[in-house]
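Quick notes on the structure that follows.
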Amino acid sequence: MPLAPVKNIVLWFLKPFHGQEQYWRVVLLCFIAASTFWLLNALNKNYTNIRVTYPIRFVYDQREYIPLRPLPEEITINVSGKGWKLLRKYLMLDVQPADISMQGLIQQQAISTAIFRPNVANALDGLQLNFIVTDSLRFKFDKQVKRKIPLILDTLHLPINANYALVNPITITPKEVEFEGPASVLDSLPNPFVLSLPKTTLTGSFNSSVPIDYPYKALVKSDIVEAEIKFNVKLLAWQNLLLAPTLQNKPKTDSVTLFPPVITVRYGYFPEQADAINLTPFVLTADLAEINPKDSTVAIELLRKPAQVHRVILQPNKVKVFTAVKLTQLKK
């Protein structure tokens, strides 16, 4: 269609209202009045079989019990009532949750909604409860307890340089941590509670705070978030010692030979303690009951060492085991 005829049609349609702004205001006010009248009329009507959600609130001693998972916050119900009441519910204006008392029920893990129908009906305030659509509620509570657990440091995995050793005992401040939470969760925490250091190789003193890191932080609280750890390390001097291991669980019928017959014991100590070291306490053992049948080897274990020795390296740490029968076969 050509543009000129279209323009003429539009101008013809708008011509009666051109320059008559007051007329548009009247039209708008009429529309608002009609809409308001319709809304008020609709809100004054009674409605039946309306499905809505309604908030609920579990009532229990929060000092004695704690939920192990989030509690349901609402249920679905079928109600009847005036539009005003339904609108207030939808807009959540002054809506009081239905209280669900857990007295005598807290040890269970689910309850039927029929138990608390009166609670919901009383909370509706002007709406009539027809029935509860939600058939049951599931939950899980546990006893809320406090427990003090001593703190220790994981000394087996200390990030200390291989040529260094602890000079003095490790100090941890404070010496214990108090946890508060569900009894079943606290029972799963390690006792004593093990602290770990950052993975940085140490060649000197350590004086820093490490975090109290534990699982289930949404359920468990601790009275401290970190502990201060202090200790010092010092460079070691090294010496070698040749030592034959003693045999354990040696068979009575066969003679046994180890290869190699002696082990190099490399031991580290603080230089100022060299004169006090007595080599007699060094004892190595080979338990023949633990022979690996695949390669006829057995691990060498350090049974005792002098108190002044801080680190020991065995070279080799396992040996070959030969019986008299095997030696004869080898000579042939």
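Starting from 1 in every chain, residues are counted up; chains themselves are A, B, ... following the order of the structure tokens, and ligands are numbered from 1 as listed.
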
With a cut-off of 8 Å, could you pull out the residues of region 124-196 of chain A touching region 205-214 of chain A and give me the nearest pair of atoms for each, distance in Å to one decimal, using only C-alpha atoms, ordered by chain and ascending number, as a tab-separated table?
```
residue	atom	partner	partner_atom	distance
A:Leu189	CA	A:Tyr214	CA	7.9
A:Leu195	CA	A:Ile212	CA	7.2
A:Ser196	CA	A:Val210	CA	7.5
```

Dump as a PDB file, in the first residue's frame, selection limited to C-alpha atoms:
```
ATOM      1  CA  LEU A 189      36.461 -36.317  64.204  1.00  0.00           C
ATOM      2  CA  LEU A 195      47.315 -30.377  62.582  1.00  0.00           C
ATOM      3  CA  SER A 196      49.292 -30.180  59.344  1.00  0.00           C
TER       4      SER A 196
END
```

Which neighbours of Asn49 (chain A) fall inside 6 Å, counting only C-alpha atoms, when residues of the same chain fewer than 2 positions from it are skipped, and could you give them as a ChimeraX atom specification? /A:78-80

Based on the selection just made, write C-alpha atoms of those residues as a compact mmCIF listing (two decimals), in the first residue's frame.
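Result file again.txt:
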```txt
# COMPACT_ATOMS: atom_id res chain seq x y z
CA ASN A 78 -5.77 -26.72 49.65
CA VAL A 79 -7.85 -23.84 51.06
CA SER A 80 -11.02 -21.82 50.59
```

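Interatomic distance, CA of Leu314 (chain A) to CA of Tyr267 (chain A): 8.7 Å.
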
Pick out the residues sitting within 12 Å of region 148-150 of chain A, and hand them over as a ChimeraX atom specification; count only C-alpha atoms, and ignore anything fewer than 2 positions along from it in its own chain. /A:145-146,152-153,172-181,186-187,189-195,212,221-224,227

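Using only C-alpha atoms, the contacts of Asp135 (chain A) at a cut-off of 9 Å, with sequence neighbours closer than 2 positions omitted, comprise A:Ile111, A:Ser112, A:Thr113, A:Ala114, A:Ile132, A:Val133, A:Leu137.
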
Keeping only N, CA and C atoms, write the selected residues to a file as a PDB file, in the first residue's frame.
```pdb
ATOM      1  N   ILE A 111       7.313 -37.679  59.648  1.00  0.00           N
ATOM      2  CA  ILE A 111       5.999 -37.667  60.302  1.00  0.00           C
ATOM      3  C   ILE A 111       4.939 -37.366  59.263  1.00  0.00           C
ATOM      4  N   SER A 112       3.730 -37.862  59.506  1.00  0.00           N
ATOM      5  CA  SER A 112       2.596 -37.586  58.618  1.00  0.00           C
ATOM      6  C   SER A 112       2.076 -36.176  58.885  1.00  0.00           C
ATOM      7  N   THR A 113       1.700 -35.477  57.832  1.00  0.00           N
ATOM      8  CA  THR A 113       1.187 -34.111  58.002  1.00  0.00           C
ATOM      9  C   THR A 113      -0.169 -34.092  58.713  1.00  0.00           C
ATOM     10  N   ALA A 114      -0.843 -35.251  58.774  1.00  0.00           N
ATOM     11  CA  ALA A 114      -2.138 -35.303  59.472  1.00  0.00           C
ATOM     12  C   ALA A 114      -1.970 -34.986  60.952  1.00  0.00           C
ATOM     13  N   ILE A 132      -4.400 -31.031  53.511  1.00  0.00           N
ATOM     14  CA  ILE A 132      -2.966 -30.800  53.295  1.00  0.00           C
ATOM     15  C   ILE A 132      -2.513 -31.692  52.152  1.00  0.00           C
ATOM     16  N   VAL A 133      -1.957 -31.098  51.121  1.00  0.00           N
ATOM     17  CA  VAL A 133      -1.515 -31.851  49.946  1.00  0.00           C
ATOM     18  C   VAL A 133      -0.240 -32.633  50.260  1.00  0.00           C
ATOM     19  N   LEU A 137       6.538 -35.128  56.184  1.00  0.00           N
ATOM     20  CA  LEU A 137       7.737 -34.293  56.296  1.00  0.00           C
ATOM     21  C   LEU A 137       8.894 -35.157  56.767  1.00  0.00           C
TER      22      LEU A 137
END
```

Neighbour list for region 254-262 of chain A as a short mmCIF file (atom, residue, chain, number, x, y, z; two decimals) with N, CA and C atoms, in the first residue's frame, cut-off 8 Å, only C-alpha atoms, skip fewer than 3 positions in-chain:
```cif
data_model
loop_
_atom_site.label_atom_id
_atom_site.label_comp_id
_atom_site.auth_asym_id
_atom_site.auth_seq_id
_atom_site.Cartn_x
_atom_site.Cartn_y
_atom_site.Cartn_z
N LEU A 242 78.83 -50.04 59.82
CA LEU A 242 78.49 -51.32 59.23
C LEU A 242 77.98 -52.25 60.33
N LEU A 243 76.77 -52.83 60.08
CA LEU A 243 76.16 -53.63 61.13
C LEU A 243 75.41 -54.81 60.50
N ALA A 244 75.61 -55.99 61.11
CA ALA A 244 74.91 -57.20 60.66
C ALA A 244 73.58 -57.31 61.39
N PRO A 245 72.48 -57.53 60.65
CA PRO A 245 71.18 -57.66 61.32
C PRO A 245 71.04 -59.00 62.03
N LYS A 250 63.96 -67.62 62.73
CA LYS A 250 64.88 -68.41 61.92
C LYS A 250 64.44 -69.88 61.94
N PRO A 251 64.35 -70.55 60.76
CA PRO A 251 63.96 -71.97 60.74
C PRO A 251 65.01 -72.85 61.43
N VAL A 319 67.29 -57.22 52.10
CA VAL A 319 68.37 -58.12 51.68
C VAL A 319 67.77 -59.41 51.11
N LYS A 320 68.64 -60.13 50.37
CA LYS A 320 68.26 -61.43 49.80
C LYS A 320 68.49 -62.51 50.86
N VAL A 321 67.59 -63.49 50.89
CA VAL A 321 67.69 -64.58 51.86
C VAL A 321 67.99 -65.88 51.11
N PHE A 322 69.08 -66.57 51.55
CA PHE A 322 69.46 -67.85 50.97
C PHE A 322 69.47 -68.90 52.08
N THR A 323 68.86 -70.05 51.78
CA THR A 323 68.96 -71.20 52.69
C THR A 323 70.11 -72.08 52.24
N ALA A 324 70.48 -73.07 53.03
CA ALA A 324 71.59 -73.97 52.72
C ALA A 324 71.32 -74.70 51.40
N VAL A 325 70.06 -75.07 51.15
CA VAL A 325 69.72 -75.80 49.93
C VAL A 325 69.96 -74.93 48.71
#
```

Residue neighbourhood Ala165 (chain A), 8 Å, only C-alpha atoms, exclusion window fewer than 4 positions, as a PyMOL selection string: chain A and resi 160-161+233-236+310-311

Kindly save the residues from that selection, with C-alpha atoms included, as a PDB file, in the first residue's frame.
```pdb
ATOM      1  CA  ILE A 160      61.821 -30.663  57.391  1.00  0.00           C
ATOM      2  CA  ASN A 161      64.920 -30.885  55.178  1.00  0.00           C
ATOM      3  CA  VAL A 233      65.353 -27.457  63.582  1.00  0.00           C
ATOM      4  CA  LYS A 234      69.137 -27.787  63.337  1.00  0.00           C
ATOM      5  CA  LEU A 235      71.647 -29.114  60.826  1.00  0.00           C
ATOM      6  CA  LEU A 236      72.875 -32.684  61.434  1.00  0.00           C
ATOM      7  CA  HIS A 310      67.965 -38.251  65.244  1.00  0.00           C
ATOM      8  CA  ARG A 311      67.904 -39.728  61.746  1.00  0.00           C
TER       9      ARG A 311
END
```

Got a sec: who's within 9 Å of Leu158 (chain A), counting only C-alpha atoms, leaving out chain neighbours fewer than 4 positions off, as a ChimeraX atom specification? /A:153-154,196-197,199,201-202

Would you output that residue set with C-alpha atoms, as a tab-separated table (two decimals), in the first residue's frame?
```tsv
chain	number	residue	atom	x	y	z
A	153	LEU	CA	51.13	-32.03	65.02
A	154	ASP	CA	51.60	-34.59	62.26
A	196	SER	CA	49.29	-30.18	59.34
A	197	LEU	CA	51.91	-27.65	58.30
A	199	LYS	CA	54.19	-27.95	52.37
A	201	THR	CA	60.75	-27.39	53.31
A	202	LEU	CA	62.03	-26.08	56.65
```

Taking the chain letters and numbering used in this document, name the residues of region 85-147 of chain A that DSSP puts in strand (DSSP E), as a list of chain:residue names. A:Ala98, A:Asp99, A:Ile100, A:Ser101, A:Ala110, A:Ile111, A:Ser112, A:Gln128, A:Leu129, A:Asn130, A:Phe131, A:Ile132, A:Ser136, A:Leu137, A:Arg138, A:Phe141, A:Asp142, A:Lys143, A:Gln144, A:Val145, A:Lys146, A:Arg147

Could the residues in this selection be written to a file with N, CA and C atoms, as a PDB file, in the first residue's frame?
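Dumped to result_13.pdb:
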```pdb
ATOM      1  N   ALA A  98       2.972 -21.919  60.421  1.00  0.00           N
ATOM      2  CA  ALA A  98       2.351 -22.937  61.268  1.00  0.00           C
ATOM      3  C   ALA A  98       3.444 -23.624  62.072  1.00  0.00           C
ATOM      4  N   ASP A  99       3.326 -23.591  63.398  1.00  0.00           N
ATOM      5  CA  ASP A  99       4.338 -24.187  64.273  1.00  0.00           C
ATOM      6  C   ASP A  99       4.155 -25.703  64.355  1.00  0.00           C
ATOM      7  N   ILE A 100       5.247 -26.427  64.125  1.00  0.00           N
ATOM      8  CA  ILE A 100       5.252 -27.893  64.200  1.00  0.00           C
ATOM      9  C   ILE A 100       6.056 -28.286  65.429  1.00  0.00           C
ATOM     10  N   SER A 101       5.385 -28.675  66.483  1.00  0.00           N
ATOM     11  CA  SER A 101       6.082 -29.059  67.712  1.00  0.00           C
ATOM     12  C   SER A 101       6.721 -30.433  67.536  1.00  0.00           C
ATOM     13  N   ALA A 110      10.603 -39.034  60.001  1.00  0.00           N
ATOM     14  CA  ALA A 110       9.508 -38.574  59.140  1.00  0.00           C
ATOM     15  C   ALA A 110       8.217 -38.613  59.951  1.00  0.00           C
ATOM     16  N   ILE A 111       7.313 -37.679  59.648  1.00  0.00           N
ATOM     17  CA  ILE A 111       5.999 -37.667  60.302  1.00  0.00           C
ATOM     18  C   ILE A 111       4.939 -37.366  59.263  1.00  0.00           C
ATOM     19  N   SER A 112       3.730 -37.862  59.506  1.00  0.00           N
ATOM     20  CA  SER A 112       2.596 -37.586  58.618  1.00  0.00           C
ATOM     21  C   SER A 112       2.076 -36.176  58.885  1.00  0.00           C
ATOM     22  N   GLN A 128      -9.981 -21.187  55.134  1.00  0.00           N
ATOM     23  CA  GLN A 128     -10.445 -22.501  55.582  1.00  0.00           C
ATOM     24  C   GLN A 128      -9.568 -23.577  54.958  1.00  0.00           C
ATOM     25  N   LEU A 129      -9.006 -24.421  55.821  1.00  0.00           N
ATOM     26  CA  LEU A 129      -8.160 -25.514  55.340  1.00  0.00           C
ATOM     27  C   LEU A 129      -9.039 -26.679  54.894  1.00  0.00           C
ATOM     28  N   ASN A 130      -8.943 -27.035  53.626  1.00  0.00           N
ATOM     29  CA  ASN A 130      -9.670 -28.199  53.111  1.00  0.00           C
ATOM     30  C   ASN A 130      -8.889 -29.486  53.380  1.00  0.00           C
ATOM     31  N   PHE A 131      -7.649 -29.502  52.951  1.00  0.00           N
ATOM     32  CA  PHE A 131      -6.775 -30.637  53.242  1.00  0.00           C
ATOM     33  C   PHE A 131      -5.332 -30.238  52.955  1.00  0.00           C
ATOM     34  N   ILE A 132      -4.400 -31.031  53.511  1.00  0.00           N
ATOM     35  CA  ILE A 132      -2.966 -30.800  53.295  1.00  0.00           C
ATOM     36  C   ILE A 132      -2.513 -31.692  52.152  1.00  0.00           C
ATOM     37  N   SER A 136       3.806 -35.989  53.962  1.00  0.00           N
ATOM     38  CA  SER A 136       4.706 -36.224  55.093  1.00  0.00           C
ATOM     39  C   SER A 136       5.872 -35.251  55.049  1.00  0.00           C
ATOM     40  N   LEU A 137       6.538 -35.128  56.184  1.00  0.00           N
ATOM     41  CA  LEU A 137       7.737 -34.293  56.296  1.00  0.00           C
ATOM     42  C   LEU A 137       8.894 -35.157  56.767  1.00  0.00           C
ATOM     43  N   ARG A 138      10.061 -34.966  56.135  1.00  0.00           N
ATOM     44  CA  ARG A 138      11.248 -35.742  56.506  1.00  0.00           C
ATOM     45  C   ARG A 138      12.271 -34.822  57.162  1.00  0.00           C
ATOM     46  N   PHE A 141      17.379 -35.230  63.222  1.00  0.00           N
ATOM     47  CA  PHE A 141      17.979 -34.459  64.300  1.00  0.00           C
ATOM     48  C   PHE A 141      19.035 -35.296  65.023  1.00  0.00           C
ATOM     49  N   ASP A 142      19.925 -34.602  65.695  1.00  0.00           N
ATOM     50  CA  ASP A 142      20.924 -35.271  66.535  1.00  0.00           C
ATOM     51  C   ASP A 142      21.149 -34.407  67.774  1.00  0.00           C
ATOM     52  N   LYS A 143      21.707 -35.009  68.794  1.00  0.00           N
ATOM     53  CA  LYS A 143      22.019 -34.281  70.020  1.00  0.00           C
ATOM     54  C   LYS A 143      23.089 -33.223  69.751  1.00  0.00           C
ATOM     55  N   GLN A 144      22.881 -32.037  70.280  1.00  0.00           N
ATOM     56  CA  GLN A 144      23.873 -30.970  70.200  1.00  0.00           C
ATOM     57  C   GLN A 144      24.792 -31.091  71.408  1.00  0.00           C
ATOM     58  N   VAL A 145      26.087 -31.330  71.170  1.00  0.00           N
ATOM     59  CA  VAL A 145      27.028 -31.543  72.268  1.00  0.00           C
ATOM     60  C   VAL A 145      28.272 -30.682  72.061  1.00  0.00           C
ATOM     61  N   LYS A 146      29.059 -30.585  73.125  1.00  0.00           N
ATOM     62  CA  LYS A 146      30.368 -29.928  73.073  1.00  0.00           C
ATOM     63  C   LYS A 146      31.425 -30.954  73.455  1.00  0.00           C
ATOM     64  N   ARG A 147      32.580 -30.881  72.789  1.00  0.00           N
ATOM     65  CA  ARG A 147      33.635 -31.845  73.069  1.00  0.00           C
ATOM     66  C   ARG A 147      34.998 -31.189  72.891  1.00  0.00           C
TER      67      ARG A 147
END
```
